[in-house]
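Presented below is the structure to which this report refers.
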Amino acid sequence: MKNPINVHDKLHLVALTAVLCLLVGSLVPPIMSGRQRPLADDVDMELTTEPTQGYLFRSSMLLQGKVPKQHQDNPECQSNDNPLWCYIESGWVKQTSAATTSPTAEDSVVSSDTIQKFTFSDSPVCEVTQHVDLNRESTFPAVNDEMWMNIAIPGLQRSLSSDDLERDGIDFFFPPTTEQRSYEYYDPFLSESRPIDFKEKKMIDGQPIYVYYQRLRGEPLQKLAEASASLSTYGLAEEEIPTDADELPGMSLEGDAFRFYTDDELKARKLKRNDTVFMDPYYSMERTVYVEPNTGVIVNKEETGGVYYARNREEAQQLADEPASPRRSLYTGTFNWDGKTQAAAMDVARPTILTLRVSNIIGWVGKVAGVALLLWAAVLYSRRRA
């Protein structure tokens, strides 16, 4: 029986080679990209922001009746009923973070551990630790019980810990093959997710980058406030300062209106100087996140905001539209990744980007070569027929 494919026949050889090239061009790129894109199980990243000027409320000094050094010579800060700003300092704010992933029993899931440390002039202010299992394809939390978070605030000697955390958004990692749409983005201070919206596509160092934007205005910190106990008041004598941890004051404040507002602000709010007001902490944050879309790696992040005092959410949202005030800030500042962190993040994405480019070239060359060889085979066939 005659073999239908004779490799020694030029026509058959060209046709066979064309089919092989087309198969390579069609199959190799998706195989290569599929092996590269899922969230890696060996991520180890350190993230640092540029130090910038911000504000910190020294609650412990208020309770002790001591004025921070910055305001000790100010005549307005020499009485027993000092305004709040006498205990708010300006200094350098900074955030350092670390994110790691590790394998789990399921190949489709990785274990993620992150820690965020916020400082003021190199002193710790807040530390957020999270553990969560992530789906490698979507980078959203996996459906299991491996999820917890802890927020520690040394200045208040308080922490919020949750062993039954419910989280449905992304944070340190965007999905591979990131899309131009909104994603649910998890904020640990709110303990919930809010949409972060696609804003634009930019070219950075010759690489297309997707830019996402989110703005949170005057959000009540209910869970943090509940975790930090009851009401703090002015005027505690030193011997009255609680020593038992369960009696430590919380994040809310009570006092005469003039301690929180200027005369013009009192007039605008129709308050008298000695009206008693209750101030609660509110949270605002404006963040811009830059994502390499092939890998989902965040290559830059810019955030401005923090926690400040207001009487209610309406007032808090109004204050969110104004520059951070040294009169009512609990902790505010700007947190933008430094150049070293941006370069390191891009280095994480670069190997996958290179692999995808190579796979695209292989696919293009394979298909072009296949089509060219098919045309050649057609010519050879027509000549043989003639």
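The chains in the structure tokens are called A, B, ... from first to last as shown; in each chain the residues are counted from 1, and the ligands are counted from 1 in the order shown.
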Residues within 7 Å of region 295-311 of chain A, please, as a compact mmCIF listing (two decimals) with all heavy atoms, in the first residue's frame. Count only C-alpha atoms; anything in the same chain fewer than 3 positions from it doesn't count.
# COMPACT_ATOMS: atom_id res chain seq x y z
N ARG A 37 1.02 33.34 33.75
CA ARG A 37 0.14 34.37 34.28
C ARG A 37 -0.43 34.14 35.67
O ARG A 37 -0.65 35.10 36.40
CB ARG A 37 -0.99 34.64 33.29
CG ARG A 37 -0.48 35.28 32.01
CD ARG A 37 -1.59 35.77 31.13
NE ARG A 37 -1.07 36.36 29.91
CZ ARG A 37 -1.80 36.99 29.01
NH1 ARG A 37 -3.10 37.10 29.20
NH2 ARG A 37 -1.27 37.50 27.93
N PHE A 173 -2.65 42.47 44.97
CA PHE A 173 -2.49 41.85 43.65
C PHE A 173 -3.76 42.03 42.83
O PHE A 173 -4.85 41.72 43.31
CB PHE A 173 -2.17 40.35 43.77
CG PHE A 173 -1.05 40.03 44.73
CD1 PHE A 173 -1.34 39.58 46.01
CD2 PHE A 173 0.27 40.20 44.36
CE1 PHE A 173 -0.32 39.27 46.89
CE2 PHE A 173 1.30 39.91 45.24
CZ PHE A 173 1.01 39.44 46.51
N PHE A 174 -3.60 42.50 41.59
CA PHE A 174 -4.71 42.52 40.65
C PHE A 174 -4.70 41.21 39.85
O PHE A 174 -3.68 40.53 39.79
CB PHE A 174 -4.58 43.71 39.69
CG PHE A 174 -5.22 44.97 40.19
CD1 PHE A 174 -4.74 45.62 41.32
CD2 PHE A 174 -6.32 45.51 39.54
CE1 PHE A 174 -5.33 46.77 41.79
CE2 PHE A 174 -6.92 46.68 40.01
CZ PHE A 174 -6.43 47.31 41.13
N PRO A 175 -5.82 40.85 39.23
CA PRO A 175 -5.86 39.61 38.45
C PRO A 175 -4.92 39.67 37.25
O PRO A 175 -4.79 40.72 36.61
CB PRO A 175 -7.32 39.52 37.99
CG PRO A 175 -8.07 40.40 38.91
CD PRO A 175 -7.13 41.50 39.28
N PRO A 176 -4.25 38.56 36.92
CA PRO A 176 -3.52 38.51 35.65
C PRO A 176 -4.50 38.76 34.50
O PRO A 176 -5.69 38.44 34.60
CB PRO A 176 -2.98 37.08 35.61
CG PRO A 176 -2.97 36.63 37.04
CD PRO A 176 -4.14 37.33 37.69
N THR A 177 -4.00 39.34 33.42
CA THR A 177 -4.86 39.80 32.32
C THR A 177 -5.90 40.76 32.87
O THR A 177 -7.11 40.59 32.74
CB THR A 177 -5.54 38.62 31.60
OG1 THR A 177 -4.60 37.56 31.42
CG2 THR A 177 -6.05 39.03 30.24
N THR A 178 -5.41 41.80 33.52
CA THR A 178 -6.28 42.82 34.13
C THR A 178 -7.14 43.49 33.07
O THR A 178 -6.67 43.81 31.98
CB THR A 178 -5.42 43.87 34.85
OG1 THR A 178 -4.50 43.22 35.73
CG2 THR A 178 -6.29 44.81 35.66
N PHE A 278 -19.32 66.12 70.47
CA PHE A 278 -18.79 64.75 70.45
C PHE A 278 -18.13 64.52 69.09
O PHE A 278 -18.78 64.67 68.05
CB PHE A 278 -19.91 63.74 70.69
CG PHE A 278 -20.60 63.91 72.01
CD1 PHE A 278 -21.69 64.76 72.13
CD2 PHE A 278 -20.16 63.23 73.13
CE1 PHE A 278 -22.33 64.93 73.36
CE2 PHE A 278 -20.79 63.39 74.36
CZ PHE A 278 -21.87 64.24 74.48
N MET A 279 -16.87 64.18 69.11
CA MET A 279 -16.09 64.03 67.89
C MET A 279 -15.73 62.56 67.68
O MET A 279 -15.20 61.90 68.60
CB MET A 279 -14.82 64.87 67.96
CG MET A 279 -15.05 66.33 68.32
SD MET A 279 -15.93 67.26 67.03
CE MET A 279 -14.61 67.46 65.83
N ASP A 280 -16.00 62.06 66.48
CA ASP A 280 -15.68 60.68 66.14
C ASP A 280 -14.65 60.65 65.01
O ASP A 280 -14.55 61.60 64.22
CB ASP A 280 -16.93 59.93 65.69
CG ASP A 280 -17.88 59.67 66.84
OD1 ASP A 280 -17.40 59.20 67.90
OD2 ASP A 280 -19.09 59.95 66.70
N PRO A 281 -13.89 59.56 64.91
CA PRO A 281 -12.89 59.47 63.85
C PRO A 281 -13.54 59.06 62.52
O PRO A 281 -14.40 58.18 62.48
CB PRO A 281 -11.95 58.36 64.35
CG PRO A 281 -12.82 57.49 65.20
CD PRO A 281 -13.83 58.42 65.84
N TYR A 282 -13.13 59.72 61.45
CA TYR A 282 -13.59 59.40 60.10
C TYR A 282 -12.37 59.21 59.21
O TYR A 282 -11.29 59.74 59.46
CB TYR A 282 -14.49 60.51 59.56
CG TYR A 282 -15.84 60.56 60.23
CD1 TYR A 282 -16.01 61.27 61.42
CD2 TYR A 282 -16.93 59.89 59.69
CE1 TYR A 282 -17.25 61.30 62.05
CE2 TYR A 282 -18.17 59.93 60.31
CZ TYR A 282 -18.32 60.63 61.50
OH TYR A 282 -19.54 60.66 62.12
N TYR A 283 -12.60 58.45 58.16
CA TYR A 283 -11.50 58.03 57.30
C TYR A 283 -11.75 58.48 55.86
O TYR A 283 -12.85 58.29 55.32
CB TYR A 283 -11.41 56.50 57.35
CG TYR A 283 -10.42 55.86 56.41
CD1 TYR A 283 -9.04 55.98 56.62
CD2 TYR A 283 -10.85 55.08 55.35
CE1 TYR A 283 -8.14 55.34 55.78
CE2 TYR A 283 -9.96 54.44 54.51
CZ TYR A 283 -8.60 54.57 54.73
OH TYR A 283 -7.70 53.94 53.90
N SER A 284 -10.74 59.10 55.27
CA SER A 284 -10.80 59.47 53.86
C SER A 284 -9.51 59.02 53.19
O SER A 284 -8.44 59.09 53.80
CB SER A 284 -10.98 60.98 53.68
OG SER A 284 -12.27 61.39 54.09
N MET A 285 -9.62 58.57 51.95
CA MET A 285 -8.43 58.16 51.22
C MET A 285 -8.66 58.33 49.72
O MET A 285 -9.69 57.91 49.19
CB MET A 285 -8.07 56.70 51.52
CG MET A 285 -6.75 56.25 50.93
SD MET A 285 -5.32 57.20 51.52
CE MET A 285 -5.28 56.71 53.27
N GLU A 286 -7.71 58.97 49.07
CA GLU A 286 -7.72 59.10 47.63
C GLU A 286 -6.53 58.32 47.10
O GLU A 286 -5.39 58.62 47.44
CB GLU A 286 -7.62 60.57 47.22
CG GLU A 286 -7.78 60.82 45.74
CD GLU A 286 -7.85 62.31 45.42
OE1 GLU A 286 -7.51 63.12 46.30
OE2 GLU A 286 -8.23 62.65 44.29
N ARG A 287 -6.79 57.27 46.32
CA ARG A 287 -5.69 56.41 45.87
C ARG A 287 -5.72 56.20 44.37
O ARG A 287 -6.79 56.08 43.75
CB ARG A 287 -5.71 55.06 46.59
CG ARG A 287 -6.96 54.25 46.48
CD ARG A 287 -6.78 52.82 47.06
NE ARG A 287 -6.27 52.80 48.40
CZ ARG A 287 -7.02 52.63 49.49
NH1 ARG A 287 -8.32 52.48 49.37
NH2 ARG A 287 -6.47 52.61 50.69
N THR A 288 -4.54 56.19 43.80
CA THR A 288 -4.34 55.89 42.38
C THR A 288 -3.39 54.70 42.30
O THR A 288 -2.30 54.73 42.88
CB THR A 288 -3.75 57.09 41.63
OG1 THR A 288 -4.59 58.24 41.82
CG2 THR A 288 -3.65 56.79 40.14
N VAL A 289 -3.81 53.65 41.60
CA VAL A 289 -3.04 52.41 41.52
C VAL A 289 -2.68 52.15 40.07
O VAL A 289 -3.55 52.19 39.18
CB VAL A 289 -3.86 51.22 42.10
CG1 VAL A 289 -3.04 49.94 42.03
CG2 VAL A 289 -4.26 51.52 43.54
N TYR A 290 -1.40 51.88 39.83
CA TYR A 290 -0.88 51.62 38.48
C TYR A 290 -0.60 50.12 38.35
O TYR A 290 0.16 49.56 39.14
CB TYR A 290 0.38 52.42 38.24
CG TYR A 290 0.21 53.92 38.36
CD1 TYR A 290 0.12 54.54 39.61
CD2 TYR A 290 0.12 54.73 37.22
CE1 TYR A 290 -0.05 55.92 39.73
CE2 TYR A 290 -0.04 56.11 37.34
CZ TYR A 290 -0.13 56.69 38.59
OH TYR A 290 -0.30 58.05 38.71
N VAL A 291 -1.19 49.49 37.33
CA VAL A 291 -1.13 48.03 37.21
C VAL A 291 -0.58 47.63 35.84
O VAL A 291 -1.02 48.15 34.81
CB VAL A 291 -2.54 47.41 37.39
CG1 VAL A 291 -2.48 45.89 37.28
CG2 VAL A 291 -3.14 47.83 38.73
N GLU A 292 0.38 46.70 35.86
CA GLU A 292 0.85 46.09 34.61
C GLU A 292 -0.20 45.05 34.24
O GLU A 292 -0.37 44.07 34.96
CB GLU A 292 2.23 45.46 34.83
CG GLU A 292 2.98 45.14 33.54
CD GLU A 292 2.32 44.03 32.74
OE1 GLU A 292 2.12 42.94 33.31
OE2 GLU A 292 1.99 44.26 31.55
N GLU A 315 -20.27 66.43 58.02
CA GLU A 315 -19.13 67.31 58.25
C GLU A 315 -17.84 66.63 57.79
O GLU A 315 -16.97 67.27 57.21
CB GLU A 315 -19.03 67.66 59.73
CG GLU A 315 -17.88 68.61 60.05
CD GLU A 315 -17.84 68.98 61.52
OE1 GLU A 315 -18.55 69.93 61.90
OE2 GLU A 315 -17.11 68.31 62.29
N ALA A 316 -17.73 65.33 58.03
CA ALA A 316 -16.53 64.59 57.64
C ALA A 316 -16.33 64.62 56.13
O ALA A 316 -15.20 64.76 55.64
CB ALA A 316 -16.62 63.15 58.13
N ARG A 328 -7.58 68.90 63.51
CA ARG A 328 -8.44 67.76 63.84
C ARG A 328 -7.90 66.43 63.30
O ARG A 328 -8.61 65.45 63.26
CB ARG A 328 -9.85 68.00 63.31
CG ARG A 328 -10.63 69.06 64.10
CD ARG A 328 -11.96 69.35 63.45
NE ARG A 328 -11.82 70.01 62.17
CZ ARG A 328 -11.70 71.31 62.00
NH1 ARG A 328 -11.72 72.11 63.05
NH2 ARG A 328 -11.57 71.83 60.81
N SER A 329 -6.65 66.39 62.90
CA SER A 329 -6.08 65.17 62.32
C SER A 329 -5.71 64.17 63.42
O SER A 329 -5.10 64.54 64.42
CB SER A 329 -4.83 65.49 61.49
OG SER A 329 -5.17 66.20 60.31
N LEU A 330 -6.06 62.93 63.18
CA LEU A 330 -5.59 61.85 64.04
C LEU A 330 -4.30 61.26 63.45
O LEU A 330 -3.32 61.07 64.14
CB LEU A 330 -6.67 60.78 64.18
CG LEU A 330 -6.55 59.85 65.38
CD1 LEU A 330 -7.91 59.29 65.75
CD2 LEU A 330 -5.57 58.72 65.15
N TYR A 331 -4.34 61.00 62.15
CA TYR A 331 -3.13 60.61 61.41
C TYR A 331 -3.41 60.80 59.94
O TYR A 331 -4.27 60.13 59.37
CB TYR A 331 -2.78 59.14 61.69
CG TYR A 331 -1.51 58.66 61.00
CD1 TYR A 331 -0.27 59.22 61.32
CD2 TYR A 331 -1.54 57.65 60.05
CE1 TYR A 331 0.89 58.78 60.70
CE2 TYR A 331 -0.38 57.19 59.43
CZ TYR A 331 0.83 57.76 59.76
OH TYR A 331 2.00 57.33 59.15
N THR A 332 -2.73 61.77 59.32
CA THR A 332 -2.97 62.07 57.91
C THR A 332 -1.64 62.30 57.21
O THR A 332 -0.65 62.70 57.82
CB THR A 332 -3.85 63.33 57.74
OG1 THR A 332 -3.24 64.44 58.45
CG2 THR A 332 -5.24 63.11 58.29
N GLY A 333 -1.65 62.06 55.89
CA GLY A 333 -0.44 62.27 55.11
C GLY A 333 -0.59 61.75 53.70
O GLY A 333 -1.66 61.31 53.27
N THR A 334 0.51 61.79 52.96
CA THR A 334 0.57 61.28 51.59
C THR A 334 1.53 60.11 51.56
O THR A 334 2.64 60.18 52.11
CB THR A 334 1.05 62.38 50.62
OG1 THR A 334 0.07 63.42 50.58
CG2 THR A 334 1.23 61.83 49.21
N PHE A 335 1.10 59.02 50.91
CA PHE A 335 1.88 57.79 50.88
C PHE A 335 2.06 57.33 49.43
O PHE A 335 1.21 56.62 48.88
CB PHE A 335 1.19 56.70 51.71
CG PHE A 335 0.85 57.13 53.11
CD1 PHE A 335 -0.39 57.68 53.40
CD2 PHE A 335 1.78 57.01 54.13
CE1 PHE A 335 -0.70 58.10 54.69
CE2 PHE A 335 1.48 57.42 55.42
CZ PHE A 335 0.23 57.96 55.71
N ASN A 336 3.14 57.78 48.81
CA ASN A 336 3.45 57.42 47.43
C ASN A 336 4.68 56.52 47.39
O ASN A 336 5.69 56.82 48.04
CB ASN A 336 3.72 58.67 46.58
CG ASN A 336 2.50 59.57 46.47
OD1 ASN A 336 1.37 59.14 46.71
ND2 ASN A 336 2.72 60.82 46.11
N TRP A 337 4.60 55.44 46.62
CA TRP A 337 5.74 54.53 46.53
C TRP A 337 6.99 55.28 46.08
O TRP A 337 6.93 56.16 45.20
CB TRP A 337 5.45 53.43 45.53
CG TRP A 337 4.54 52.36 46.05
CD1 TRP A 337 3.85 52.38 47.24
CD2 TRP A 337 4.21 51.12 45.41
NE1 TRP A 337 3.12 51.23 47.38
CE2 TRP A 337 3.32 50.43 46.28
CE3 TRP A 337 4.58 50.53 44.22
CZ2 TRP A 337 2.80 49.19 45.96
CZ3 TRP A 337 4.06 49.28 43.89
CH2 TRP A 337 3.18 48.62 44.76
N GLN A 342 9.04 51.17 43.04
CA GLN A 342 8.46 51.11 41.71
C GLN A 342 9.31 50.25 40.78
O GLN A 342 8.79 49.42 40.02
CB GLN A 342 8.31 52.51 41.13
CG GLN A 342 7.30 53.39 41.87
CD GLN A 342 7.22 54.78 41.29
OE1 GLN A 342 7.11 54.96 40.08
NE2 GLN A 342 7.28 55.79 42.14
N ALA A 345 8.99 46.56 41.71
CA ALA A 345 7.70 46.00 41.29
C ALA A 345 7.70 45.72 39.79
O ALA A 345 7.19 44.68 39.34
CB ALA A 345 6.58 46.97 41.65
N MET A 346 8.27 46.63 39.00
CA MET A 346 8.35 46.39 37.56
C MET A 346 9.24 45.21 37.25
O MET A 346 8.98 44.44 36.30
CB MET A 346 8.85 47.65 36.86
CG MET A 346 8.80 47.55 35.33
SD MET A 346 7.13 47.29 34.67
CE MET A 346 6.50 48.97 34.71
N ALA A 349 7.30 42.05 37.34
CA ALA A 349 6.45 41.84 36.16
C ALA A 349 7.24 41.56 34.89
O ALA A 349 6.75 40.88 33.98
CB ALA A 349 5.56 43.07 35.94
N THR A 352 7.64 37.94 33.05
CA THR A 352 6.41 37.49 32.40
C THR A 352 6.14 38.31 31.15
O THR A 352 5.72 37.76 30.12
CB THR A 352 5.22 37.60 33.37
OG1 THR A 352 5.47 36.79 34.52
CG2 THR A 352 3.93 37.17 32.70
Region 76-299 of chain A: which residues are alpha helix (DSSP H) by DSSP, as a PyMOL selection string?
chain A and resi 222-227+263-268
As an exercise, work out the distance from CA of Thr48 (chain A) to CA of Ser97 (chain A) in Å and give it to one decimal place.
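We find that CA of Thr48 (chain A) and CA of Ser97 (chain A) lie 6.3 Å from each other.
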A:Tyr212, A:Tyr183, A:Phe172, A:Trp376: which is nearest Ile115 (chain A), counting only C-alpha atoms?
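The shortest atom-to-atom distance to Ile115 (chain A) comes from A:Phe172.
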Neighbouring residues of Tyr186 (chain A) were defined as those with any atom within 7 Å, considering only C-alpha atoms; residues of the same chain fewer than 3 positions away were excluded. Please report them as a ChimeraX atom specification.
/A:169-171,192-194
Nearest residue to Thr49 (chain A) from the set A:Val93, A:Leu16, A:Cys77, A:Leu380 (distances using only C-alpha atoms)
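Closest residue, counting only C-alpha atoms: A:Val93.
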Å distance separating CA of Trp92 (chain A) from CA of Gln53 (chain A), one decimal place:
4.8 Å
Using only C-alpha atoms for the distances, tell me which of A:Leu62, A:Ile204, A:Leu56, A:Val211 is nearest to Glu179 (chain A).
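Of A:Leu62, A:Ile204, A:Leu56, A:Val211, the one nearest Glu179 (chain A) is A:Val211, counting only C-alpha atoms.
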Could you jot down the CA of Leu216 (chain A) to CA of Thr52 (chain A) separation for me, Å, one decimal place?
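Here the two named atoms are 20.7 Å from each other.
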With distances taken over only C-alpha atoms, which of A:Pro154, A:Gly206, A:Pro195, A:Pro83 is nearest to Arg350 (chain A)?
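Comparing A:Pro154, A:Gly206, A:Pro195, A:Pro83 against Arg350 (chain A), the winner is A:Gly206.
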